[in-house]
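Reviewing the structure listed below.
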Amino acid sequence: MIKFENVTKKYPTGNTALEDVSFAIEPGEFVFLVGPSGSGKTTLFRLLIRDMVPSTGSVMIGDWDLVKLSRKKIPHLRKRVGVVFQDLKLLRDRTIFENVLFPLEVADMEDNAARRRVDEILAQVGISEHSDKFPVQLSGGELQRAAIARALAFSPEILLADEPTGNLDNATSWEIVKLLQDINAAGTTIIMATHNADIVNSLMKRVLVLEKGVLTRDDKREKKG
């Protein structure tokens, strides 16, 4: 479970990114995080990977209190929580295979096991045929799949997707959302930050709405029939 309890985050500049935010997300949920730019979505994601800590309040993932989490456990947290960054952060001088392999190499996974894992993930996200290409050779949708593949390297319990359809056409956006739904159906908790109202309204998933750092709505919706 993910649990935010009375979380406030103030920056040294005096800006308040999040103010008294509380919610809980059960394992296996698919949740949309929506709100205008500057509403606190990225800050919320950064708190979940312990890139920062709240000014007040608590952030829990399972039994782990992220405020009190020791520095040596942060790498373990980031195996549990995969992130698809808005700017993708793919390494331009490495092939897609090498990009997905990179975090496994850093974690000292045995080479043959790591390579088998990369083959599995690339097949899962549907870009096996592009494994030897460089990022510059891929379309926007293919790049997004590559970033998702890298985020899945350690079979995370939670996947954070920051605007994964932001720069894609409508058809490709839906392909990426379908992929995220498939990952969710296999048991991974998904939190997807998005501005795409059509996708949010069509899927009828739970929606958390942030406005100026305040959680203004928590809509739990289900499709009927």
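Residue names in the structure tokens use chain letters A, B, ... in the order shown, residue numbers from 1 in each chain, and ligand numbers from 1 in the order shown.
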
*asked:* as a ChimeraX atom specification, please: the residues near Lys41 (chain A) (cut-off 9 Å, only C-alpha atoms, same-chain neighbours under 6 positions excluded).
replied: /A:17-18,33-35,162,193,210,213

Write the residues of the preceding selection, restricted to N, CA, C and O atoms, as a short mmCIF file (atom, residue, chain, number, x, y, z; two decimals), in the first residue's frame.
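File produced: again-v2.cif:
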```cif
data_model
loop_
_atom_site.label_atom_id
_atom_site.label_comp_id
_atom_site.auth_asym_id
_atom_site.auth_seq_id
_atom_site.Cartn_x
_atom_site.Cartn_y
_atom_site.Cartn_z
N ALA A 17 4.76 23.16 -2.52
CA ALA A 17 4.46 22.27 -3.63
C ALA A 17 3.27 21.37 -3.32
O ALA A 17 2.45 21.08 -4.19
N LEU A 18 3.18 20.90 -2.08
CA LEU A 18 2.06 20.07 -1.63
C LEU A 18 1.63 20.56 -0.25
O LEU A 18 2.47 20.94 0.57
N LEU A 33 -3.25 10.66 -11.90
CA LEU A 33 -2.91 11.85 -11.13
C LEU A 33 -2.99 13.03 -12.10
O LEU A 33 -2.22 13.10 -13.06
N VAL A 34 -3.95 13.91 -11.86
CA VAL A 34 -4.18 15.00 -12.81
C VAL A 34 -4.10 16.35 -12.10
O VAL A 34 -4.25 16.45 -10.88
N GLY A 35 -3.88 17.37 -12.92
CA GLY A 35 -3.77 18.73 -12.41
C GLY A 35 -2.90 19.54 -13.34
O GLY A 35 -2.07 18.98 -14.09
N ASP A 162 5.05 9.48 -15.72
CA ASP A 162 4.87 10.94 -15.72
C ASP A 162 4.59 11.41 -17.14
O ASP A 162 5.50 11.50 -17.96
N ALA A 193 0.49 10.17 -14.21
CA ALA A 193 0.22 11.61 -14.27
C ALA A 193 -0.09 11.97 -15.72
O ALA A 193 0.63 11.57 -16.64
N LEU A 210 -4.90 17.28 -8.21
CA LEU A 210 -4.12 18.26 -7.47
C LEU A 210 -4.31 19.64 -8.07
O LEU A 210 -4.27 19.80 -9.30
N GLY A 213 -1.07 22.32 -5.27
CA GLY A 213 -0.54 21.54 -4.17
C GLY A 213 -1.56 20.93 -3.24
O GLY A 213 -1.20 20.20 -2.31
#
```

Sorted per-residue table, region 163-212 of chain A near region 66-88 of chain A, closest atoms and distance, 12 Å, only C-alpha atoms, as a Markdown table:
```
| residue | atom | partner | partner_atom | distance |
| --- | --- | --- | --- | --- |
| A:Glu163 | CA | A:Gln86 | CA | 5.7 |
| A:Pro164 | CA | A:Gln86 | CA | 6.6 |
| A:Thr165 | CA | A:Gln86 | CA | 9.2 |
| A:Gly166 | CA | A:Gln86 | CA | 8.1 |
| A:Asn167 | CA | A:Gln86 | CA | 9.6 |
| A:Ile176 | CA | A:Val84 | CA | 11.9 |
| A:Leu180 | CA | A:Val84 | CA | 11.1 |
| A:Thr188 | CA | A:Val81 | CA | 9.8 |
| A:Thr189 | CA | A:Val81 | CA | 9.4 |
| A:Ile190 | CA | A:Gly82 | CA | 9.7 |
| A:Ile191 | CA | A:Val83 | CA | 9.7 |
| A:Met192 | CA | A:Val84 | CA | 9.4 |
| A:Ala193 | CA | A:Gln86 | CA | 9.5 |
| A:Thr194 | CA | A:Gln86 | CA | 10.2 |
```

How would the residues just picked look written out with N, CA, C and O atoms as a PDB file, in the first residue's frame?
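out_21.pdb was written with the following content:
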```pdb
ATOM      1  N   GLU A 163       3.331  11.690 -17.434  1.00  0.00           N
ATOM      2  CA  GLU A 163       2.898  12.179 -18.751  1.00  0.00           C
ATOM      3  C   GLU A 163       3.387  11.266 -19.884  1.00  0.00           C
ATOM      4  O   GLU A 163       4.009  11.736 -20.846  1.00  0.00           O
ATOM      5  N   PRO A 164       3.118   9.963 -19.823  1.00  0.00           N
ATOM      6  CA  PRO A 164       3.648   9.054 -20.837  1.00  0.00           C
ATOM      7  C   PRO A 164       3.052   9.234 -22.226  1.00  0.00           C
ATOM      8  O   PRO A 164       3.582   8.695 -23.195  1.00  0.00           O
ATOM      9  N   THR A 165       1.944   9.975 -22.334  1.00  0.00           N
ATOM     10  CA  THR A 165       1.338  10.201 -23.656  1.00  0.00           C
ATOM     11  C   THR A 165       1.449  11.662 -24.078  1.00  0.00           C
ATOM     12  O   THR A 165       0.855  12.064 -25.071  1.00  0.00           O
ATOM     13  N   GLY A 166       2.230  12.434 -23.340  1.00  0.00           N
ATOM     14  CA  GLY A 166       2.255  13.886 -23.535  1.00  0.00           C
ATOM     15  C   GLY A 166       2.598  14.357 -24.934  1.00  0.00           C
ATOM     16  O   GLY A 166       2.038  15.328 -25.421  1.00  0.00           O
ATOM     17  N   ASN A 167       3.541  13.670 -25.601  1.00  0.00           N
ATOM     18  CA  ASN A 167       3.997  14.126 -26.920  1.00  0.00           C
ATOM     19  C   ASN A 167       3.593  13.166 -28.041  1.00  0.00           C
ATOM     20  O   ASN A 167       4.195  13.178 -29.113  1.00  0.00           O
ATOM     21  N   ILE A 176      -0.043   3.101 -25.734  1.00  0.00           N
ATOM     22  CA  ILE A 176       0.757   3.164 -24.505  1.00  0.00           C
ATOM     23  C   ILE A 176      -0.121   2.914 -23.287  1.00  0.00           C
ATOM     24  O   ILE A 176       0.266   2.184 -22.354  1.00  0.00           O
ATOM     25  N   LEU A 180       0.143  -0.042 -20.427  1.00  0.00           N
ATOM     26  CA  LEU A 180       0.120   0.196 -18.981  1.00  0.00           C
ATOM     27  C   LEU A 180      -0.998  -0.596 -18.311  1.00  0.00           C
ATOM     28  O   LEU A 180      -0.832  -1.118 -17.200  1.00  0.00           O
ATOM     29  N   THR A 188       0.936  -5.024 -11.162  1.00  0.00           N
ATOM     30  CA  THR A 188       1.704  -3.833 -10.809  1.00  0.00           C
ATOM     31  C   THR A 188       0.775  -2.647 -10.548  1.00  0.00           C
ATOM     32  O   THR A 188      -0.116  -2.372 -11.347  1.00  0.00           O
ATOM     33  N   THR A 189       0.996  -1.946  -9.459  1.00  0.00           N
ATOM     34  CA  THR A 189       0.261  -0.718  -9.164  1.00  0.00           C
ATOM     35  C   THR A 189       0.750   0.374 -10.112  1.00  0.00           C
ATOM     36  O   THR A 189       1.956   0.574 -10.261  1.00  0.00           O
ATOM     37  N   ILE A 190      -0.185   1.091 -10.748  1.00  0.00           N
ATOM     38  CA  ILE A 190       0.175   2.146 -11.700  1.00  0.00           C
ATOM     39  C   ILE A 190      -0.348   3.488 -11.190  1.00  0.00           C
ATOM     40  O   ILE A 190      -1.515   3.609 -10.828  1.00  0.00           O
ATOM     41  N   ILE A 191       0.529   4.487 -11.179  1.00  0.00           N
ATOM     42  CA  ILE A 191       0.095   5.872 -10.992  1.00  0.00           C
ATOM     43  C   ILE A 191       0.549   6.634 -12.226  1.00  0.00           C
ATOM     44  O   ILE A 191       1.745   6.727 -12.501  1.00  0.00           O
ATOM     45  N   MET A 192      -0.394   7.149 -12.978  1.00  0.00           N
ATOM     46  CA  MET A 192      -0.102   7.830 -14.240  1.00  0.00           C
ATOM     47  C   MET A 192      -0.505   9.296 -14.146  1.00  0.00           C
ATOM     48  O   MET A 192      -1.686   9.620 -14.000  1.00  0.00           O
ATOM     49  N   ALA A 193       0.492  10.175 -14.214  1.00  0.00           N
ATOM     50  CA  ALA A 193       0.220  11.606 -14.274  1.00  0.00           C
ATOM     51  C   ALA A 193      -0.091  11.975 -15.716  1.00  0.00           C
ATOM     52  O   ALA A 193       0.628  11.571 -16.636  1.00  0.00           O
ATOM     53  N   THR A 194      -1.177  12.706 -15.929  1.00  0.00           N
ATOM     54  CA  THR A 194      -1.575  13.014 -17.308  1.00  0.00           C
ATOM     55  C   THR A 194      -2.426  14.268 -17.387  1.00  0.00           C
ATOM     56  O   THR A 194      -3.090  14.654 -16.420  1.00  0.00           O
TER      57      THR A 194
END
```

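Nearest to Pro36 (chain A) of all the residues A:Asn6, A:Ala113, A:Glu211, A:Thr216 is A:Glu211, counting only C-alpha atoms.
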
Excluding Ser58 (chain A) and its own-chain neighbours fewer than 2 positions away, which residues fall within 10 Å of it when counting only C-alpha atoms? Please give them as a PDB file with C-alpha atoms, in the first residue's frame.
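Output file out.pdb follows:
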```
ATOM      1  CA  LYS A   3      -0.051   6.005   2.025  1.00  0.00           C
ATOM      2  CA  PHE A   4       0.359   9.775   2.200  1.00  0.00           C
ATOM      3  CA  GLU A   5      -0.684  11.231   5.529  1.00  0.00           C
ATOM      4  CA  ASN A   6      -0.915  15.021   5.953  1.00  0.00           C
ATOM      5  CA  VAL A   7       2.006  15.555   3.588  1.00  0.00           C
ATOM      6  CA  THR A   8       3.238  19.106   3.079  1.00  0.00           C
ATOM      7  CA  VAL A  21      -2.141  15.821   1.174  1.00  0.00           C
ATOM      8  CA  SER A  22      -3.583  12.502   2.379  1.00  0.00           C
ATOM      9  CA  LEU A  47       8.586  11.836  -2.684  1.00  0.00           C
ATOM     10  CA  VAL A  53      11.323  14.078   1.903  1.00  0.00           C
ATOM     11  CA  PRO A  54       8.215  15.997   2.977  1.00  0.00           C
ATOM     12  CA  SER A  55       8.457  19.040   5.209  1.00  0.00           C
ATOM     13  CA  THR A  56       5.771  17.499   7.396  1.00  0.00           C
ATOM     14  CA  MET A  60       4.641   5.002   3.444  1.00  0.00           C
ATOM     15  CA  ASP A  65       8.436   4.911   6.209  1.00  0.00           C
ATOM     16  CA  LEU A  66      10.190   6.877   3.464  1.00  0.00           C
ATOM     17  CA  VAL A  67      10.913   9.816   5.769  1.00  0.00           C
ATOM     18  CA  LYS A  68      12.949   7.564   8.064  1.00  0.00           C
TER      19      LYS A  68
END
```

*Mind pulling up the distance from CA of Leu138 (chain A) to CA of Leu203 (chain A)?*
27.8 Å

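CA of Asn184 (chain A) sits 19.5 Å away from CA of Asp198 (chain A).
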
*Which parts of chain A does DSSP call strand (DSSP E) when run on the backbone here, written out as a count of residues only?*
58

_When you count only C-alpha atoms, which of these residues is closest to Asp182 (chain A): A:Thr13, A:Ser37, A:Gln124, A:Thr42?_
A:Gln124

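Closest approach to Leu44 (chain A) among A:Ile127, A:Ala161, A:Phe102, A:Arg217 is made by A:Ala161 (distances from only C-alpha atoms).
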
_Just to confirm, what's the straight-line distance from CA of Leu208 (chain A) to CA of Ala149 (chain A) in Å (one decimal)?_
25.4 Å

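With only C-alpha atoms as the atoms that count, the residue of A:Lys9, A:Lys89, A:Gly38, A:Thr16 with the shortest distance to Val59 (chain A) is A:Lys9.
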
*So which residues of region 133-186 of chain A fall under helix (DSSP H, G or I) by DSSP, listed as number ranges by chain?*
A: 135-137, 140-151, 170-185

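Of the residues listed (A:Ala114, A:Ile96, A:Val106, A:Leu168), A:Ile96 shows the shortest atom-to-atom separation from Ile148 (chain A); distances use only C-alpha atoms.
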
*asked:* Could you check the closest approach to Asn201 (chain A) for each of A:Gly126, A:Phe32, A:Leu91, A:Glu142 and tell me which residue wins, using only C-alpha atoms?
replied: A:Phe32
